[in-house]
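The structure file coords_1.cif is reproduced below (mmCIF, C-alpha atoms (C1' of nucleotides)).
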```cif
data_my_file
#
loop_
_atom_site.label_atom_id
_atom_site.label_comp_id
_atom_site.auth_asym_id
_atom_site.auth_seq_id
_atom_site.Cartn_x
_atom_site.Cartn_y
_atom_site.Cartn_z
CA MET O 1 -248.29 -141.19 -25.99
CA SER O 2 -248.19 -142.87 -22.55
CA ASP O 3 -245.59 -145.38 -21.39
CA THR O 4 -243.85 -146.12 -18.15
CA PRO O 5 -242.20 -142.72 -17.53
CA ASP O 6 -238.57 -143.71 -17.21
CA SER O 7 -237.91 -147.27 -15.97
CA LYS O 8 -234.70 -149.00 -16.95
CA PRO O 9 -232.54 -147.50 -19.67
CA MET O 10 -232.98 -150.59 -21.81
CA GLY O 11 -236.01 -152.84 -22.23
CA ALA O 12 -239.03 -150.60 -22.28
CA GLY O 13 -236.75 -147.93 -23.68
CA ARG O 14 -236.53 -149.90 -26.85
CA GLN O 15 -240.27 -149.74 -27.23
CA LEU O 16 -240.18 -146.01 -26.67
CA LEU O 17 -237.54 -145.50 -29.27
CA PHE O 18 -239.42 -147.73 -31.60
CA LEU O 19 -242.47 -145.60 -31.60
CA ARG O 20 -241.02 -142.18 -31.23
CA GLU O 21 -242.16 -139.40 -33.42
CA GLU O 22 -239.13 -139.22 -35.61
CA GLU O 23 -239.57 -142.82 -36.65
CA LEU O 24 -243.11 -142.19 -37.69
CA ARG O 25 -242.18 -139.11 -39.64
CA LEU O 26 -239.56 -141.18 -41.38
CA ALA O 27 -242.33 -143.58 -42.37
CA GLN O 28 -244.17 -140.69 -43.99
CA ASP O 29 -241.10 -139.80 -46.01
CA LEU O 30 -240.41 -143.37 -47.02
CA LEU O 31 -243.93 -143.92 -48.21
CA PHE O 32 -244.03 -140.69 -50.16
CA PHE O 33 -240.75 -141.17 -51.96
CA GLY O 34 -241.02 -144.91 -52.24
CA TYR O 35 -244.46 -144.92 -53.75
CA ARG O 36 -243.63 -142.12 -56.11
CA ASP O 37 -240.56 -143.84 -57.49
CA PHE O 38 -242.29 -147.20 -57.54
CA THR O 39 -244.85 -145.83 -59.97
CA ALA O 40 -242.41 -143.77 -62.04
CA GLY O 41 -241.43 -146.57 -64.42
CA PRO O 42 -244.89 -147.55 -65.62
CA ASP O 43 -245.94 -143.91 -65.66
CA ALA O 44 -243.25 -143.11 -68.20
CA LEU O 45 -244.27 -146.00 -70.43
CA LEU O 46 -247.93 -145.10 -70.17
CA ALA O 47 -247.31 -141.49 -71.07
CA GLU O 48 -245.89 -142.59 -74.41
CA ILE O 49 -249.18 -144.15 -75.41
CA ASN O 50 -251.35 -141.45 -73.91
CA MET O 51 -252.48 -143.39 -70.90
CA GLY O 52 -252.19 -142.78 -67.20
CA ARG O 53 -251.88 -144.59 -63.93
CA ALA O 54 -255.59 -145.21 -63.86
CA HIS O 55 -255.35 -147.30 -67.00
CA HIS O 56 -252.56 -149.32 -65.45
CA ARG O 57 -254.66 -150.07 -62.40
CA VAL O 58 -257.45 -151.41 -64.53
CA LEU O 59 -255.09 -153.54 -66.58
CA HIS O 60 -253.47 -154.79 -63.40
CA PHE O 61 -256.60 -155.84 -61.57
CA VAL O 62 -258.37 -157.20 -64.61
CA GLY O 63 -255.25 -159.18 -65.43
CA ARG O 64 -255.10 -160.44 -61.89
CA ARG O 65 -258.71 -161.58 -61.88
CA PRO O 66 -259.94 -162.32 -65.38
CA GLY O 67 -263.72 -162.36 -65.52
CA ILE O 68 -264.01 -159.76 -62.79
CA THR O 69 -267.24 -157.80 -62.90
CA VAL O 70 -267.42 -154.05 -63.22
CA GLY O 71 -268.85 -153.83 -59.73
CA GLU O 72 -266.02 -155.80 -58.19
CA LEU O 73 -263.49 -153.70 -60.00
CA LEU O 74 -265.16 -150.56 -58.74
CA SER O 75 -265.06 -151.78 -55.19
CA ILE O 76 -261.39 -152.72 -55.45
CA LEU O 77 -260.36 -149.42 -56.95
CA GLY O 78 -262.59 -147.44 -54.65
CA ILE O 79 -263.70 -145.00 -57.32
CA THR O 80 -267.00 -144.11 -58.97
CA LYS O 81 -268.27 -145.77 -62.07
CA GLN O 82 -267.99 -142.49 -63.94
CA SER O 83 -264.31 -142.33 -63.14
CA LEU O 84 -263.82 -145.93 -64.11
CA GLY O 85 -265.77 -145.41 -67.29
CA ARG O 86 -263.42 -142.79 -68.52
CA VAL O 87 -260.51 -145.21 -68.58
CA LEU O 88 -262.34 -148.49 -69.11
CA THR O 89 -264.29 -147.42 -72.17
CA PRO O 90 -261.19 -146.38 -74.11
CA LEU O 91 -259.41 -149.56 -73.04
CA ILE O 92 -262.28 -151.57 -74.51
CA GLU O 93 -262.52 -149.47 -77.66
CA ASP O 94 -258.80 -149.79 -78.24
CA GLY O 95 -258.91 -153.54 -77.80
CA TYR O 96 -257.06 -153.96 -74.52
CA VAL O 97 -260.03 -155.28 -72.57
CA VAL O 98 -263.06 -157.33 -73.57
CA GLN O 99 -266.45 -157.68 -71.98
CA ALA O 100 -268.66 -160.75 -71.80
CA HIS O 101 -272.13 -161.26 -70.38
CA GLY O 102 -272.33 -163.09 -67.10
CA ARG O 103 -273.63 -166.63 -67.57
CA ASN O 104 -275.78 -166.53 -64.47
CA ASP O 105 -276.53 -162.84 -64.47
CA ARG O 106 -276.62 -161.35 -67.92
CA ARG O 107 -276.53 -157.82 -66.54
CA GLN O 108 -272.96 -158.29 -65.45
CA ARG O 109 -270.05 -157.43 -67.68
CA LEU O 110 -267.18 -159.81 -67.10
CA LEU O 111 -263.91 -158.13 -67.94
CA SER O 112 -260.73 -159.71 -69.17
CA LEU O 113 -257.61 -158.73 -71.06
CA THR O 114 -257.16 -159.36 -74.76
CA PRO O 115 -253.73 -160.59 -75.90
CA LYS O 116 -252.99 -156.96 -76.69
CA GLY O 117 -254.00 -156.02 -73.18
CA GLN O 118 -251.91 -158.78 -71.68
CA GLU O 119 -248.93 -157.65 -73.64
CA LEU O 120 -249.22 -154.08 -72.42
CA GLU O 121 -249.83 -155.15 -68.88
CA ARG O 122 -246.77 -157.33 -69.00
CA LYS O 123 -244.58 -154.53 -70.25
CA LEU O 124 -245.76 -152.34 -67.42
CA PHE O 125 -245.29 -155.13 -64.96
CA GLU O 126 -241.74 -155.81 -66.12
CA ARG O 127 -240.75 -152.28 -65.25
CA GLN O 128 -242.04 -152.54 -61.74
CA ARG O 129 -240.84 -156.10 -61.41
CA GLU O 130 -237.26 -155.07 -61.98
CA TRP O 131 -237.58 -152.13 -59.67
CA VAL O 132 -239.10 -154.12 -56.84
CA MET O 133 -236.74 -157.01 -57.41
CA ARG O 134 -233.78 -154.74 -56.92
CA ALA O 135 -235.23 -153.42 -53.69
CA TYR O 136 -236.07 -156.93 -52.51
CA ARG O 137 -232.63 -158.26 -53.32
CA GLU O 138 -230.85 -155.43 -51.59
CA ALA O 139 -233.02 -155.73 -48.52
CA GLY O 140 -233.01 -159.51 -48.21
CA PRO O 141 -235.79 -162.03 -47.52
CA VAL O 142 -236.26 -161.15 -43.87
CA ALA O 143 -236.78 -157.53 -44.72
CA VAL O 144 -239.20 -158.44 -47.48
CA GLU O 145 -241.33 -160.42 -45.09
CA GLY O 146 -241.33 -157.44 -42.73
CA PHE O 147 -242.24 -155.11 -45.53
CA ARG O 148 -245.24 -157.25 -46.36
CA ARG O 149 -246.39 -157.35 -42.79
CA VAL O 150 -246.23 -153.61 -42.36
CA MET O 151 -247.87 -152.87 -45.69
CA ARG O 152 -250.71 -155.18 -44.79
CA GLY O 153 -251.07 -153.29 -41.55
CA LEU O 154 -251.25 -150.02 -43.42
CA MET O 155 -254.20 -151.31 -45.38
CA GLY O 156 -257.68 -150.75 -44.05
CA ALA O 157 -259.65 -153.78 -42.93
CA GLU O 158 -261.69 -153.63 -46.11
CA ALA O 159 -258.75 -153.70 -48.44
CA ARG O 160 -257.14 -156.46 -46.42
CA ALA O 161 -260.26 -158.57 -46.71
CA GLN O 162 -260.36 -158.03 -50.45
CA LEU O 163 -256.74 -159.00 -50.82
CA ASP O 164 -257.22 -162.13 -48.77
CA ARG O 165 -260.26 -163.08 -50.81
CA ALA O 166 -258.22 -162.73 -53.98
CA GLU O 167 -255.01 -164.44 -52.91
CA PRO O 168 -254.85 -167.52 -50.69
CA ALA O 169 -252.15 -166.31 -48.28
CA GLN O 170 -249.12 -165.62 -50.36
CA GLY O 171 -246.56 -166.03 -47.61
CA THR O 172 -247.24 -163.28 -45.15
CA GLY O 173 -249.22 -164.34 -42.18
CA LEU O 174 -247.08 -167.18 -41.01
CA PRO O 175 -243.45 -166.88 -39.89
CA ILE O 176 -241.09 -164.17 -38.62
CA GLY O 177 -241.06 -161.59 -35.83
CA PRO O 178 -244.20 -162.17 -33.80
CA SER O 179 -245.43 -158.84 -32.44
CA ARG O 180 -244.01 -159.52 -29.00
CA SER O 181 -241.88 -156.41 -29.26
CA VAL O 182 -240.55 -154.98 -25.96
CA ALA O 183 -238.23 -157.99 -25.82
CA MET J 1 -231.81 -161.89 -63.53
CA SER J 2 -228.78 -164.16 -63.15
CA ASP J 3 -228.56 -166.90 -60.55
CA THR J 4 -226.65 -170.12 -60.42
CA PRO J 5 -228.61 -171.94 -63.18
CA ASP J 6 -229.87 -175.00 -61.37
CA SER J 7 -227.72 -176.35 -58.52
CA LYS J 8 -229.45 -178.19 -55.67
CA PRO J 9 -233.25 -178.37 -55.52
CA MET J 10 -233.24 -176.43 -52.29
CA GLY J 11 -231.07 -173.45 -51.53
CA ALA J 12 -231.19 -171.65 -54.84
CA GLY J 13 -234.79 -172.76 -55.09
CA ARG J 14 -235.59 -170.59 -52.19
CA GLN J 15 -234.15 -167.63 -54.01
CA LEU J 16 -236.21 -168.48 -57.05
CA LEU J 17 -239.39 -168.73 -55.09
CA PHE J 18 -238.55 -165.54 -53.34
CA LEU J 19 -238.53 -163.63 -56.56
CA ARG J 20 -241.26 -165.33 -58.43
CA GLU J 21 -243.83 -163.34 -60.26
CA GLU J 22 -246.67 -163.78 -57.86
CA GLU J 23 -244.65 -162.28 -55.05
CA LEU J 24 -243.91 -159.24 -57.09
CA ARG J 25 -247.52 -158.82 -58.10
CA LEU J 26 -248.40 -159.01 -54.46
CA ALA J 27 -246.03 -156.14 -53.86
CA GLN J 28 -247.96 -154.09 -56.39
CA ASP J 29 -251.18 -154.77 -54.57
CA LEU J 30 -249.73 -154.01 -51.18
CA LEU J 31 -248.29 -150.72 -52.29
CA PHE J 32 -251.48 -149.65 -53.99
CA PHE J 33 -253.80 -150.45 -51.11
CA GLY J 34 -251.33 -149.56 -48.41
CA TYR J 35 -250.48 -146.16 -49.75
CA ARG J 36 -254.08 -145.35 -50.46
CA ASP J 37 -255.23 -146.15 -46.96
CA PHE J 38 -252.17 -144.51 -45.44
CA THR J 39 -253.21 -141.19 -46.96
CA ALA J 40 -256.92 -141.57 -46.33
CA GLY J 41 -256.89 -140.10 -42.82
CA PRO J 42 -255.21 -136.78 -43.60
CA ASP J 43 -257.13 -136.52 -46.85
CA ALA J 44 -260.41 -136.54 -44.97
CA LEU J 45 -259.24 -133.86 -42.56
CA LEU J 46 -257.89 -131.72 -45.37
CA ALA J 47 -261.10 -131.93 -47.32
CA GLU J 48 -262.94 -130.30 -44.44
CA ILE J 49 -260.84 -127.17 -44.74
CA ASN J 50 -260.75 -127.16 -48.52
CA MET J 51 -257.22 -128.39 -48.89
CA GLY J 52 -255.68 -131.36 -50.58
CA ARG J 53 -252.80 -133.74 -50.31
CA ALA J 54 -250.51 -131.25 -51.99
CA HIS J 55 -251.00 -128.83 -49.12
CA HIS J 56 -250.16 -131.56 -46.67
CA ARG J 57 -246.91 -132.32 -48.46
CA VAL J 58 -245.84 -128.72 -48.23
CA LEU J 59 -246.73 -128.52 -44.55
CA HIS J 60 -244.91 -131.77 -43.94
CA PHE J 61 -241.65 -130.90 -45.64
CA VAL J 62 -241.56 -127.32 -44.48
CA GLY J 63 -242.23 -128.53 -40.97
CA ARG J 64 -239.48 -131.08 -41.30
CA ARG J 65 -236.92 -128.55 -42.50
CA PRO J 66 -237.79 -125.05 -41.33
CA GLY J 67 -235.98 -122.44 -43.36
CA ILE J 68 -236.05 -124.59 -46.47
CA THR J 69 -235.84 -122.60 -49.70
CA VAL J 70 -238.43 -122.72 -52.43
CA GLY J 71 -235.94 -124.39 -54.71
CA GLU J 72 -235.14 -127.14 -52.27
CA LEU J 73 -238.80 -127.76 -51.68
CA LEU J 74 -239.38 -127.98 -55.41
CA SER J 75 -236.63 -130.52 -55.82
CA ILE J 76 -237.94 -132.63 -52.95
CA LEU J 77 -241.51 -132.61 -54.22
CA GLY J 78 -240.44 -133.07 -57.79
CA ILE J 79 -243.04 -130.71 -59.22
CA THR J 80 -242.92 -127.41 -61.09
CA LYS J 81 -242.92 -124.07 -59.36
CA GLN J 82 -246.29 -123.28 -60.89
CA SER J 83 -247.76 -126.35 -59.24
CA LEU J 84 -246.13 -125.50 -55.96
CA GLY J 85 -247.27 -121.91 -56.24
CA ARG J 86 -250.85 -122.91 -56.40
CA VAL J 87 -250.72 -124.49 -52.97
CA LEU J 88 -247.95 -122.47 -51.36
CA THR J 89 -249.41 -119.06 -52.08
CA PRO J 90 -252.71 -119.81 -50.36
CA LEU J 91 -250.87 -121.38 -47.43
CA ILE J 92 -248.93 -118.15 -47.01
CA GLU J 93 -251.96 -115.94 -47.49
CA ASP J 94 -253.90 -117.92 -44.94
CA GLY J 95 -251.09 -117.71 -42.42
CA TYR J 96 -249.90 -121.30 -42.32
CA VAL J 97 -246.46 -120.60 -43.77
CA VAL J 98 -244.15 -117.59 -43.61
CA GLN J 99 -241.36 -116.47 -45.85
CA ALA J 100 -238.11 -114.76 -44.93
CA HIS J 101 -235.27 -113.44 -47.06
CA GLY J 102 -232.12 -115.52 -47.11
CA ARG J 103 -229.34 -113.84 -45.11
CA ASN J 104 -226.66 -114.73 -47.60
CA ASP J 105 -228.77 -114.66 -50.71
CA ARG J 106 -231.66 -112.26 -50.52
CA ARG J 107 -233.30 -113.79 -53.55
CA GLN J 108 -234.11 -116.89 -51.61
CA ARG J 109 -237.36 -117.31 -49.73
CA LEU J 110 -236.85 -119.32 -46.59
CA LEU J 111 -240.06 -121.07 -45.64
CA SER J 112 -241.26 -122.07 -42.22
CA LEU J 113 -244.50 -122.88 -40.47
CA THR J 114 -246.38 -120.39 -38.35
CA PRO J 115 -247.87 -121.65 -35.08
CA LYS J 116 -251.10 -122.03 -37.02
CA GLY J 117 -249.29 -124.06 -39.62
CA GLN J 118 -247.62 -126.21 -36.98
CA GLU J 119 -250.95 -126.89 -35.40
CA LEU J 120 -252.52 -128.05 -38.64
CA GLU J 121 -249.51 -130.12 -39.56
CA ARG J 122 -249.65 -131.79 -36.19
CA LYS J 123 -253.30 -132.68 -36.54
CA LEU J 124 -252.60 -134.26 -39.88
CA PHE J 125 -249.59 -136.03 -38.51
CA GLU J 126 -251.52 -137.45 -35.57
CA ARG J 127 -253.87 -139.21 -37.94
CA GLN J 128 -251.10 -140.89 -39.78
CA ARG J 129 -249.15 -141.48 -36.63
CA GLU J 130 -251.91 -143.58 -35.15
CA TRP J 131 -252.41 -145.45 -38.38
CA VAL J 132 -248.74 -146.25 -38.83
CA MET J 133 -248.29 -147.03 -35.16
CA ARG J 134 -250.99 -149.65 -35.35
CA ALA J 135 -249.35 -151.24 -38.36
CA TYR J 136 -245.93 -151.10 -36.71
CA ARG J 137 -247.18 -152.60 -33.48
CA GLU J 138 -248.97 -155.42 -35.20
CA ALA J 139 -245.99 -156.20 -37.36
CA GLY J 140 -243.30 -155.93 -34.70
CA PRO J 141 -239.87 -154.29 -34.69
CA VAL J 142 -238.17 -156.77 -36.97
CA ALA J 143 -240.80 -156.27 -39.61
CA VAL J 144 -240.55 -152.51 -39.26
CA GLU J 145 -236.84 -152.61 -39.90
CA GLY J 146 -237.50 -154.72 -42.97
CA PHE J 147 -240.20 -152.37 -44.14
CA ARG J 148 -237.75 -149.48 -43.95
CA ARG J 149 -235.10 -151.32 -45.87
CA VAL J 150 -237.43 -152.23 -48.68
CA MET J 151 -239.00 -148.79 -48.89
CA ARG J 152 -235.55 -147.25 -49.15
CA GLY J 153 -234.81 -149.65 -51.95
CA LEU J 154 -237.96 -148.59 -53.75
CA MET J 155 -236.75 -145.02 -53.71
CA GLY J 156 -234.67 -143.74 -56.57
CA ALA J 157 -231.06 -142.86 -55.88
CA GLU J 158 -231.93 -139.19 -55.94
CA ALA J 159 -234.64 -139.41 -53.35
CA ARG J 160 -232.45 -141.61 -51.20
CA ALA J 161 -229.69 -139.05 -51.28
CA GLN J 162 -232.10 -136.30 -50.32
CA LEU J 163 -233.45 -138.31 -47.45
CA ASP J 164 -229.97 -139.09 -46.17
CA ARG J 165 -228.98 -135.47 -46.43
CA ALA J 166 -231.98 -134.53 -44.32
CA GLU J 167 -231.82 -137.23 -41.68
CA PRO J 168 -228.60 -138.60 -40.19
CA ALA J 169 -229.37 -142.33 -40.45
CA GLN J 170 -232.50 -142.88 -38.47
CA GLY J 171 -231.96 -146.55 -37.77
CA THR J 172 -232.04 -148.25 -41.12
CA GLY J 173 -228.70 -149.01 -42.58
CA LEU J 174 -227.24 -150.93 -39.70
CA PRO J 175 -228.58 -154.21 -38.34
CA ILE J 176 -230.83 -157.05 -39.47
CA GLY J 177 -231.01 -159.48 -42.37
CA PRO J 178 -227.92 -158.85 -44.48
CA SER J 179 -228.79 -159.40 -48.14
CA ARG J 180 -227.02 -162.75 -48.21
CA SER J 181 -230.26 -164.48 -49.16
CA VAL J 182 -229.94 -167.97 -50.71
CA ALA J 183 -229.14 -169.18 -47.20
"C1'" DT N 1 -296.12 -156.66 -62.10
"C1'" DT N 2 -293.24 -153.80 -59.60
"C1'" DT N 3 -288.90 -152.97 -57.63
"C1'" DT N 4 -284.10 -153.56 -57.27
"C1'" DT N 5 -279.67 -154.24 -59.19
"C1'" DG N 6 -275.67 -153.97 -62.55
"C1'" DG N 7 -274.15 -151.07 -65.70
"C1'" DG N 8 -273.73 -146.92 -68.91
"C1'" DT N 9 -273.69 -141.96 -69.92
"C1'" DC N 10 -274.15 -136.80 -70.06
"C1'" DA N 11 -272.74 -132.60 -67.86
"C1'" DG N 12 -270.24 -129.91 -64.78
"C1'" DT N 13 -266.68 -129.24 -61.07
"C1'" DC N 14 -262.28 -129.74 -58.42
"C1'" DT N 15 -257.36 -130.72 -57.42
"C1'" DT N 16 -253.02 -131.24 -58.92
"C1'" DG N 17 -250.07 -131.75 -62.23
"C1'" DT N 18 -248.04 -129.93 -66.97
"C1'" DT N 19 -245.84 -126.17 -70.77
"C1'" DG N 20 -244.64 -121.86 -72.24
"C1'" DA N 21 -243.74 -117.13 -71.69
"C1'" DC N 22 -242.51 -113.23 -69.06
"C1'" DA N 23 -241.13 -110.25 -65.14
"C1'" DC N 24 -238.16 -108.78 -61.29
"C1'" DA N 25 -234.60 -108.54 -58.03
"C1'" DT N 26 -230.22 -110.11 -56.75
"C1'" DT N 27 -225.93 -112.30 -57.34
"C1'" DA N 28 -221.99 -113.74 -60.11
"C1'" DA N 29 -219.05 -113.11 -64.10
"C1'" DA N 30 -216.79 -110.75 -67.89
"C1'" DT R 1 -219.59 -101.76 -64.65
"C1'" DT R 2 -222.19 -103.77 -67.79
"C1'" DT R 3 -223.84 -108.39 -68.65
"C1'" DA R 4 -225.28 -112.84 -67.67
"C1'" DA R 5 -227.19 -116.30 -64.63
"C1'" DT R 6 -230.09 -117.52 -60.71
"C1'" DG R 7 -234.15 -117.72 -57.46
"C1'" DT R 8 -238.70 -116.71 -57.41
"C1'" DG R 9 -243.36 -115.24 -58.90
"C1'" DT R 10 -247.21 -115.19 -62.14
"C1'" DC R 11 -250.45 -115.37 -66.17
"C1'" DA R 12 -252.67 -118.47 -69.33
"C1'" DA R 13 -253.99 -122.74 -71.20
"C1'" DC R 14 -254.39 -127.62 -70.87
"C1'" DA R 15 -254.78 -132.64 -69.15
"C1'" DA R 16 -255.63 -136.52 -66.01
"C1'" DG R 17 -258.33 -138.38 -62.81
"C1'" DA R 18 -261.31 -137.91 -59.24
"C1'" DC R 19 -266.25 -136.25 -57.74
"C1'" DT R 20 -271.56 -135.22 -57.70
"C1'" DG R 21 -276.09 -135.36 -59.67
"C1'" DA R 22 -279.39 -136.87 -62.88
"C1'" DC R 23 -281.13 -140.23 -65.97
"C1'" DC R 24 -281.55 -144.45 -68.82
"C1'" DC R 25 -281.76 -149.41 -69.89
"C1'" DA R 26 -282.02 -154.34 -69.38
"C1'" DA R 27 -282.21 -158.13 -66.45
"C1'" DA R 28 -283.09 -160.24 -62.06
"C1'" DA R 29 -285.76 -160.52 -57.75
"C1'" DA R 30 -289.76 -159.78 -54.96
#
```
Could you quickly redo this structure as structure tokens?
Amino acid sequence: MSDTPDSKPMGAGRQLLFLREEELRLAQDLLFFGYRDFTAGPDALLAEINMGRAHHRVLHFVGRRPGITVGELLSILGITKQSLGRVLTPLIEDGYVVQAHGRNDRRQRLLSLTPKGQELERKLFERQREWVMRAYREAGPVAVEGFRRVMRGLMGAEARAQLDRAEPAQGTGLPIGPSRSVA
Amino acid sequence: MSDTPDSKPMGAGRQLLFLREEELRLAQDLLFFGYRDFTAGPDALLAEINMGRAHHRVLHFVGRRPGITVGELLSILGITKQSLGRVLTPLIEDGYVVQAHGRNDRRQRLLSLTPKGQELERKLFERQREWVMRAYREAGPVAVEGFRRVMRGLMGAEARAQLDRAEPAQGTGLPIGPSRSVA
DNA sequence: TTTTTGGGTCAGTCTTGTTGACACATTAAA
DNA sequence: TTTAATGTGTCAACAAGACTGACCCAAAAA
């Protein structure tokens, strides 16, 4: 929006360029196409066994945090329990996920993957793993670190907190390009 | 996949680390949360006027390429014409989008935004603009360049070609971290 | 003992995607 | 010029995944 009107052709100009509308519209495009193609692999696999992306999400987050409670899962996914129920119940009935009573609080249902569930999750993961690995390799380590920083920034404070709670600082947060842009 | 089998403890080790499973699972998380929160702003606005994300996509891509044909739009969105019809028809009826016959091929319907459509698109854009700008600022220019490189890599070849056709190399494709990782 | 919490479920609705089948005008080909 | 092929529209039916609202139950907390 604002910004020193003209100033020197370089310097502040870089900042202007950096934030100009076209660059932000490009971000919209990149996120749309990128996310769509990122999910395409697993989606195809899931379709074969009559499941959808929602099932994958459950498998992913339960696999990531075995023993997670239904409530925690709900808060991570940001959906209602009715919505979760429609995918979780079949996953349990079909033997992909198991429930256990909480030891301290017997009302809780602690979720975890069965071997069958782990196997499916792994297949789905492999698809995305290869896809992301290709992108990471082509872009290089510096770019990957930048990608992580920006993606974190695109997350709301809530999601960021959840992620941090779950993973002890996986690499982002330390090195590379401190925000002192302008340069 | 490949990689000089063992070699020195450092060097190739870095590459190994770089691609290890946890880092790729983190990417899954980042994309899920990041994309979700990226779309949250416009979604809220759209809900107020009884529209959805699909309407936004149409406004976005028609705004980006005025005079685009229905067929081109379909191929960009990657959906069926019936799906498109359900959002496009109302947008036309409500005066957000106009159609014109193609000059060369009168079968074509060239789409563009009305002033009303431009206004709505801009409001939606402003939401995302601020959100992305915050993320970009916090991450810094180097990170942004990396973000772009990785997102491009996450796109399928088709989508990448479409994007390139539409925009003449917006900045990514030139400088920064050449893929010669290993270091 | 009463209330709150964690979880489940029934019923109905909405958006956005899908197939399949036609219809119509226009352009290209035989 | 007749005959495809193409670009677009549309009806109908269906599915996934999200939502709201209303209730229910068992266990934990007050």
Tell me, counting all atoms listed in the file, for each residue of region 129-169 of chain O within 12 Å of region 41-46 of chain O, which pair of atoms is nearest and how far apart they are in Å to one decimal, in rows ordered by chain and increasing number, as CSV.
```
residue,atom,partner,partner_atom,distance
O:Arg129,CA,O:Gly41,CA,10.0
O:Glu130,CA,O:Gly41,CA,9.8
O:Trp131,CA,O:Gly41,CA,8.3
O:Val132,CA,O:Gly41,CA,10.9
```
Kindly export the residues of the current selection with C-alpha atoms, as a short mmCIF file (atom, residue, chain, number, x, y, z; two decimals), in the coordinates of the input.
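The resulting file, result16.cif, is shown below:
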```
data_model
loop_
_atom_site.label_atom_id
_atom_site.label_comp_id
_atom_site.auth_asym_id
_atom_site.auth_seq_id
_atom_site.Cartn_x
_atom_site.Cartn_y
_atom_site.Cartn_z
CA ARG O 129 -240.84 -156.10 -61.41
CA GLU O 130 -237.26 -155.07 -61.98
CA TRP O 131 -237.58 -152.13 -59.67
CA VAL O 132 -239.10 -154.12 -56.84
#
```
Distance query DT19 (chain N) at most 12 Å, all atoms listed in the file, self and fewer than 4 positions along chain excluded, as a PyMOL selection string: (chain J and resi 80-83) or (chain R and resi 12-15)
Could you list, as a PyMOL selection string, every residue of chain J that has an atom within 8 Å of an atom of chain N, counting only C-alpha atoms (C1' of nucleotides)? chain J and resi 52+54+79+83+105-107
Selected residues, C-alpha atoms, written as a PDB file, keeping the file's coordinate frame, please.
```pdb
ATOM      1  CA  GLY J  52    -255.680-131.360 -50.580  1.00  0.00           C
ATOM      2  CA  ALA J  54    -250.510-131.250 -51.990  1.00  0.00           C
ATOM      3  CA  ILE J  79    -243.040-130.710 -59.220  1.00  0.00           C
ATOM      4  CA  SER J  83    -247.760-126.350 -59.240  1.00  0.00           C
ATOM      5  CA  ASP J 105    -228.770-114.660 -50.710  1.00  0.00           C
ATOM      6  CA  ARG J 106    -231.660-112.260 -50.520  1.00  0.00           C
ATOM      7  CA  ARG J 107    -233.300-113.790 -53.550  1.00  0.00           C
TER       8      ARG J 107
END
```
On this structure, which residues satisfy the PyMOL selection byres ((chain J and resi 64) around 10), written as a PyMOL selection string? (chain O and resi 22+25) or (chain J and resi 58-63+65-68+112-113+166-167)
Any chance you could export the current selection's C-alpha atoms as a short mmCIF file (atom, residue, chain, number, x, y, z; two decimals), keeping the file's coordinate frame?
```
data_model
loop_
_atom_site.label_atom_id
_atom_site.label_comp_id
_atom_site.auth_asym_id
_atom_site.auth_seq_id
_atom_site.Cartn_x
_atom_site.Cartn_y
_atom_site.Cartn_z
CA GLU O 22 -239.13 -139.22 -35.61
CA ARG O 25 -242.18 -139.11 -39.64
CA VAL J 58 -245.84 -128.72 -48.23
CA LEU J 59 -246.73 -128.52 -44.55
CA HIS J 60 -244.91 -131.77 -43.94
CA PHE J 61 -241.65 -130.90 -45.64
CA VAL J 62 -241.56 -127.32 -44.48
CA GLY J 63 -242.23 -128.53 -40.97
CA ARG J 65 -236.92 -128.55 -42.50
CA PRO J 66 -237.79 -125.05 -41.33
CA GLY J 67 -235.98 -122.44 -43.36
CA ILE J 68 -236.05 -124.59 -46.47
CA SER J 112 -241.26 -122.07 -42.22
CA LEU J 113 -244.50 -122.88 -40.47
CA ALA J 166 -231.98 -134.53 -44.32
CA GLU J 167 -231.82 -137.23 -41.68
#
```
Give me, as a ChimeraX atom specification, the contact residues of chain J against chain R at a cut-off of 12 Å, counting only C-alpha atoms (C1' of nucleotides). /J:69-72,74,81-86,88-89,99,101-102,105-110
Would you kindly report the residues of chain J within 8 Å of chain O, using only C-alpha atoms, as number ranges by chain? J: 18-19, 21, 23-27, 29-31, 33-38, 129, 131-156, 159, 163, 170, 176-181
Quick one: pull the distance between CA of Asp94 (chain O) and CA of Leu73 (chain O), Å, one decimal. 19.2 Å
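When CA of Gln118 (chain J) is paired with CA of Val97 (chain J), their separation reads 8.9 Å.
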